[in-house]
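Beneath this line is the structure, given in structure tokens, with notes to follow.
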Amino acid sequence: MKFFVDTADVPAIRDLNDLGMVDGVTTNPSLILKSGRDIIEVTREICGIVEGPVSAEVVALEADAMIAEGRHLAEIAPNIAVKLPLTWDGLKACKVLTGEGKMVNVTLCFSANQALLAAKAGASFISPFIGRLDDINLDGMQLIADIRQIYDNYGFETEILAASIRTVNHVTEAAKIGADVMTAPPEVIRKLASHPLTDKGLETFLADWQKTGQKIL
Ligand code: G3P
């Protein structure tokens with residue numbers, strides 16, 4: 001499973017990237033707002049750190065304007081994935097931009113039918129939002145499973161990018177289903193390393209080591 005980090009926070013990206021944990025980055029207008037940075041400037045900086053796809057989202061609503069914004073964003077760096085919303089205009093823009101050889105991440109996906117359309121429009125990535133479905137008492141993980149089954153049934157190459165991941169269990173479940181990629185905030189990725197029994201075991205080992213009176217170095 002590829003790990004994308006869902007943030008425009010450059011120090012956090014750098015930190016995880018140094019550990020080899022970052023296969024790509026996803027941003028959106030809310031994350032750009034949170035960063036307090038200019039979209040072009042911060043995206044260029046991220047593309048200079050991370051080798052994999054860096055999603056940058058358009059804000060236009062009409063296909064031609066989306067295409068123009070997408071082309072502009074794609075000029076930032078060769079590893080830009082233009083992020084388009086799952087609307088009819090977004091699908092039209094997806095078809096055009098992927099036809100030009102650009103990577104496209106179709107976002108705000110909340111149904112299997114939407115994911116089917118994105119694949120037919122040639123999307124490189126589909127981003128189903130798990131957490132936001134769970135928020136309204138629907139089953140976000142079932143959507144990942146449904147899309148996996150449909151894409152496998154027909155051999156679609158669009159990668160399933162499990163998004164709106166809020167918990168470490170979301171990561172496990174999405175990996176078990178076979179999502180190609182997951183994108184999560186840096187704090188969720190860091191939490192993947194935590195286990196109370198690891199902490200407890202380490203505490204015991206260190207206490208016993210003290211008693212031996214030995215040193216390794
Ligand atoms: O990648 C999409 C993600 O940023 C949405 O997450 O937590 O705002 O639903 P969230």
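Convention: chains lettered A, B, ... in structure tokens order; per-chain residue numbering from 1; ligands numbered from 1 as shown.
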
Next on the checklist: Give me the residues near stretch 173-188 of chain A as a PyMOL selection string, where near means some atom within 10 Å (using only C-alpha atoms) and where sequence neighbours in that chain fewer than 4 positions away do not count.
Outcome noted: chain A and resi 1-9+12-13+15-16+22-27+125-127+130+140-142+144-149+158-169+192-193

Next on the checklist: Applying 6 Å and only C-alpha atoms, which residues near stretch 100-109 of chain A remain after dropping the ones on its own chain fewer than 5 positions away? List them as a VMD selection string.
Outcome noted: chain A and resid 81 to 86 123 to 128

Quick one: write out the picked residues with N, CA and C atoms as a PDB file, in the first residue's frame?
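To be explicit, this is the file written out as selection-v1.pdb:
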```pdb
ATOM      1  N   ALA A  81      -0.420  15.818  -9.613  1.00  0.00           N
ATOM      2  CA  ALA A  81      -1.667  15.159 -10.007  1.00  0.00           C
ATOM      3  C   ALA A  81      -2.750  16.218  -9.842  1.00  0.00           C
ATOM      4  N   VAL A  82      -3.416  16.540 -10.926  1.00  0.00           N
ATOM      5  CA  VAL A  82      -4.474  17.565 -10.848  1.00  0.00           C
ATOM      6  C   VAL A  82      -5.677  16.946 -10.154  1.00  0.00           C
ATOM      7  N   LYS A  83      -6.150  17.637  -9.109  1.00  0.00           N
ATOM      8  CA  LYS A  83      -7.273  17.094  -8.342  1.00  0.00           C
ATOM      9  C   LYS A  83      -8.556  17.782  -8.795  1.00  0.00           C
ATOM     10  N   LEU A  84      -9.512  16.959  -9.204  1.00  0.00           N
ATOM     11  CA  LEU A  84     -10.769  17.477  -9.753  1.00  0.00           C
ATOM     12  C   LEU A  84     -11.932  16.894  -8.962  1.00  0.00           C
ATOM     13  N   PRO A  85     -12.986  17.688  -8.726  1.00  0.00           N
ATOM     14  CA  PRO A  85     -14.135  17.149  -7.991  1.00  0.00           C
ATOM     15  C   PRO A  85     -14.971  16.213  -8.859  1.00  0.00           C
ATOM     16  N   LEU A  86     -15.641  15.268  -8.205  1.00  0.00           N
ATOM     17  CA  LEU A  86     -16.448  14.307  -8.947  1.00  0.00           C
ATOM     18  C   LEU A  86     -17.814  14.902  -9.304  1.00  0.00           C
ATOM     19  N   ALA A 123      -9.376   8.473 -14.942  1.00  0.00           N
ATOM     20  CA  ALA A 123      -8.692   8.997 -13.743  1.00  0.00           C
ATOM     21  C   ALA A 123      -7.497   8.126 -13.352  1.00  0.00           C
ATOM     22  N   SER A 124      -6.429   8.778 -12.906  1.00  0.00           N
ATOM     23  CA  SER A 124      -5.277   8.035 -12.388  1.00  0.00           C
ATOM     24  C   SER A 124      -5.600   7.526 -10.983  1.00  0.00           C
ATOM     25  N   PHE A 125      -6.295   8.378 -10.196  1.00  0.00           N
ATOM     26  CA  PHE A 125      -6.669   8.034  -8.816  1.00  0.00           C
ATOM     27  C   PHE A 125      -8.137   8.392  -8.602  1.00  0.00           C
ATOM     28  N   ILE A 126      -8.804   7.570  -7.775  1.00  0.00           N
ATOM     29  CA  ILE A 126     -10.137   7.936  -7.293  1.00  0.00           C
ATOM     30  C   ILE A 126     -10.031   8.078  -5.772  1.00  0.00           C
ATOM     31  N   SER A 127     -10.584   9.159  -5.247  1.00  0.00           N
ATOM     32  CA  SER A 127     -10.478   9.398  -3.803  1.00  0.00           C
ATOM     33  C   SER A 127     -11.835   9.278  -3.112  1.00  0.00           C
ATOM     34  N   PRO A 128     -12.195   8.067  -2.644  1.00  0.00           N
ATOM     35  CA  PRO A 128     -13.392   7.914  -1.820  1.00  0.00           C
ATOM     36  C   PRO A 128     -13.084   8.400  -0.406  1.00  0.00           C
TER      37      PRO A 128
END
```

Checklist entry - Quick one: DSSP helix (DSSP H, G or I) residues in stretch 2-212 of chain A, as a PyMOL selection string? => result chain A and resi 10-18+29-35+39-49+63-74+88-99+112-120+130-135+140-154+168-177+186-191+196-212

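Remark: for ligand 1, the closest of the candidate residues A:Glu51, A:Gly20, A:Gly36, A:Ala56 is A:Ala56 (distances computed over only C-alpha atoms and all ligand atoms).
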
Item to check | Exercise: A:Pro29 partners within 10 Å, only C-alpha atoms, chain neighbours under 4 positions left out, as number ranges by chain | outcome: A: 8, 33-35, 39, 56-59

Item to check | Expected answer as a PyMOL selection string: strand (DSSP E) residues in stretch 64-155 of chain A | outcome: chain A and resi 80-85+103-109+125-128

Restrict the selected residues to all heavy atoms and save them as a compact mmCIF listing (two decimals), in the first residue's frame.
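Output file result21.txt is given in full below:
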```txt
# COMPACT_ATOMS: atom_id res chain seq x y z
N ILE A 80 2.93 16.58 -10.48
CA ILE A 80 1.61 17.08 -10.05
C ILE A 80 0.51 16.14 -10.52
O ILE A 80 0.50 15.71 -11.69
CB ILE A 80 1.33 18.50 -10.62
CG1 ILE A 80 2.15 19.55 -9.89
CG2 ILE A 80 -0.16 18.85 -10.58
CD1 ILE A 80 1.68 19.88 -8.50
N ALA A 81 -0.42 15.82 -9.61
CA ALA A 81 -1.67 15.16 -10.01
C ALA A 81 -2.75 16.22 -9.84
O ALA A 81 -2.95 16.73 -8.73
CB ALA A 81 -1.95 13.96 -9.11
N VAL A 82 -3.42 16.54 -10.93
CA VAL A 82 -4.47 17.57 -10.85
C VAL A 82 -5.68 16.95 -10.15
O VAL A 82 -6.15 15.88 -10.55
CB VAL A 82 -4.86 18.05 -12.26
CG1 VAL A 82 -5.99 19.07 -12.18
CG2 VAL A 82 -3.64 18.63 -12.99
N LYS A 83 -6.15 17.64 -9.11
CA LYS A 83 -7.27 17.09 -8.34
C LYS A 83 -8.56 17.78 -8.79
O LYS A 83 -8.65 19.02 -8.78
CB LYS A 83 -7.00 17.35 -6.84
CG LYS A 83 -7.65 16.35 -5.91
CD LYS A 83 -7.13 16.58 -4.49
CE LYS A 83 -7.78 15.68 -3.50
NZ LYS A 83 -7.44 16.06 -2.12
N LEU A 84 -9.51 16.96 -9.20
CA LEU A 84 -10.77 17.48 -9.75
C LEU A 84 -11.93 16.89 -8.96
O LEU A 84 -11.90 15.71 -8.62
CB LEU A 84 -10.92 17.02 -11.20
CG LEU A 84 -9.85 17.45 -12.21
CD1 LEU A 84 -9.99 16.64 -13.49
CD2 LEU A 84 -10.00 18.93 -12.51
N PRO A 85 -12.99 17.69 -8.73
CA PRO A 85 -14.14 17.15 -7.99
C PRO A 85 -14.97 16.21 -8.86
O PRO A 85 -15.01 16.36 -10.09
CB PRO A 85 -14.94 18.40 -7.64
CG PRO A 85 -14.60 19.38 -8.72
CD PRO A 85 -13.17 19.10 -9.11
N MET A 103 -1.49 13.44 -14.76
CA MET A 103 -2.10 12.61 -13.72
C MET A 103 -3.31 13.37 -13.17
O MET A 103 -3.24 14.58 -12.94
CB MET A 103 -1.12 12.38 -12.56
CG MET A 103 -0.15 11.27 -12.79
SD MET A 103 0.79 10.92 -11.28
CE MET A 103 1.84 12.34 -11.15
N VAL A 104 -4.39 12.63 -12.93
CA VAL A 104 -5.60 13.25 -12.37
C VAL A 104 -6.09 12.43 -11.18
O VAL A 104 -6.18 11.20 -11.26
CB VAL A 104 -6.71 13.36 -13.44
CG1 VAL A 104 -8.04 13.75 -12.80
CG2 VAL A 104 -6.33 14.38 -14.51
N ASN A 105 -6.39 13.14 -10.10
CA ASN A 105 -6.99 12.53 -8.92
C ASN A 105 -8.42 13.06 -8.81
O ASN A 105 -8.62 14.26 -8.62
CB ASN A 105 -6.14 12.93 -7.69
CG ASN A 105 -6.73 12.48 -6.37
OD1 ASN A 105 -7.77 11.82 -6.33
ND2 ASN A 105 -6.09 12.86 -5.27
N VAL A 106 -9.39 12.18 -8.98
CA VAL A 106 -10.79 12.62 -8.87
C VAL A 106 -11.24 12.46 -7.42
O VAL A 106 -11.19 11.37 -6.85
CB VAL A 106 -11.70 11.86 -9.85
CG1 VAL A 106 -13.15 12.29 -9.67
CG2 VAL A 106 -11.27 12.12 -11.29
N THR A 107 -11.66 13.58 -6.85
CA THR A 107 -11.88 13.64 -5.40
C THR A 107 -13.36 13.84 -5.07
O THR A 107 -14.19 13.99 -5.96
CB THR A 107 -11.01 14.77 -4.80
OG1 THR A 107 -11.07 14.70 -3.38
CG2 THR A 107 -11.46 16.15 -5.25
N LEU A 108 -13.64 13.79 -3.78
CA LEU A 108 -15.01 13.94 -3.27
C LEU A 108 -15.90 12.83 -3.84
O LEU A 108 -17.02 13.09 -4.29
CB LEU A 108 -15.58 15.33 -3.59
CG LEU A 108 -14.94 16.48 -2.80
CD1 LEU A 108 -15.33 17.84 -3.39
CD2 LEU A 108 -15.32 16.44 -1.32
N CYS A 109 -15.39 11.61 -3.79
CA CYS A 109 -16.14 10.44 -4.26
C CYS A 109 -16.86 9.80 -3.07
O CYS A 109 -16.22 9.45 -2.06
CB CYS A 109 -15.19 9.43 -4.90
SG CYS A 109 -15.99 7.85 -5.27
N PHE A 125 -6.29 8.38 -10.20
CA PHE A 125 -6.67 8.03 -8.82
C PHE A 125 -8.14 8.39 -8.60
O PHE A 125 -8.61 9.39 -9.12
CB PHE A 125 -5.86 8.86 -7.80
CG PHE A 125 -4.37 8.68 -7.89
CD1 PHE A 125 -3.59 9.61 -8.55
CD2 PHE A 125 -3.74 7.58 -7.31
CE1 PHE A 125 -2.21 9.46 -8.64
CE2 PHE A 125 -2.37 7.41 -7.41
CZ PHE A 125 -1.60 8.36 -8.07
N ILE A 126 -8.80 7.57 -7.77
CA ILE A 126 -10.14 7.94 -7.29
C ILE A 126 -10.03 8.08 -5.77
O ILE A 126 -9.45 7.21 -5.11
CB ILE A 126 -11.21 6.89 -7.69
CG1 ILE A 126 -12.59 7.33 -7.21
CG2 ILE A 126 -10.90 5.50 -7.15
CD1 ILE A 126 -13.16 8.52 -7.93
N SER A 127 -10.58 9.16 -5.25
CA SER A 127 -10.48 9.40 -3.80
C SER A 127 -11.83 9.28 -3.11
O SER A 127 -12.58 10.25 -2.99
CB SER A 127 -9.92 10.80 -3.53
OG SER A 127 -8.56 10.87 -3.88
N PRO A 128 -12.19 8.07 -2.64
CA PRO A 128 -13.39 7.91 -1.82
C PRO A 128 -13.08 8.40 -0.41
O PRO A 128 -12.04 8.06 0.16
CB PRO A 128 -13.65 6.41 -1.82
CG PRO A 128 -12.53 5.78 -2.59
CD PRO A 128 -11.49 6.79 -2.85
```

Checklist entry - Pick the closest to ligand 1 from A:Ile40, A:Ala63, A:Val54, A:Ala77: which is it, counting only C-alpha atoms and all ligand atoms? => result A:Val54
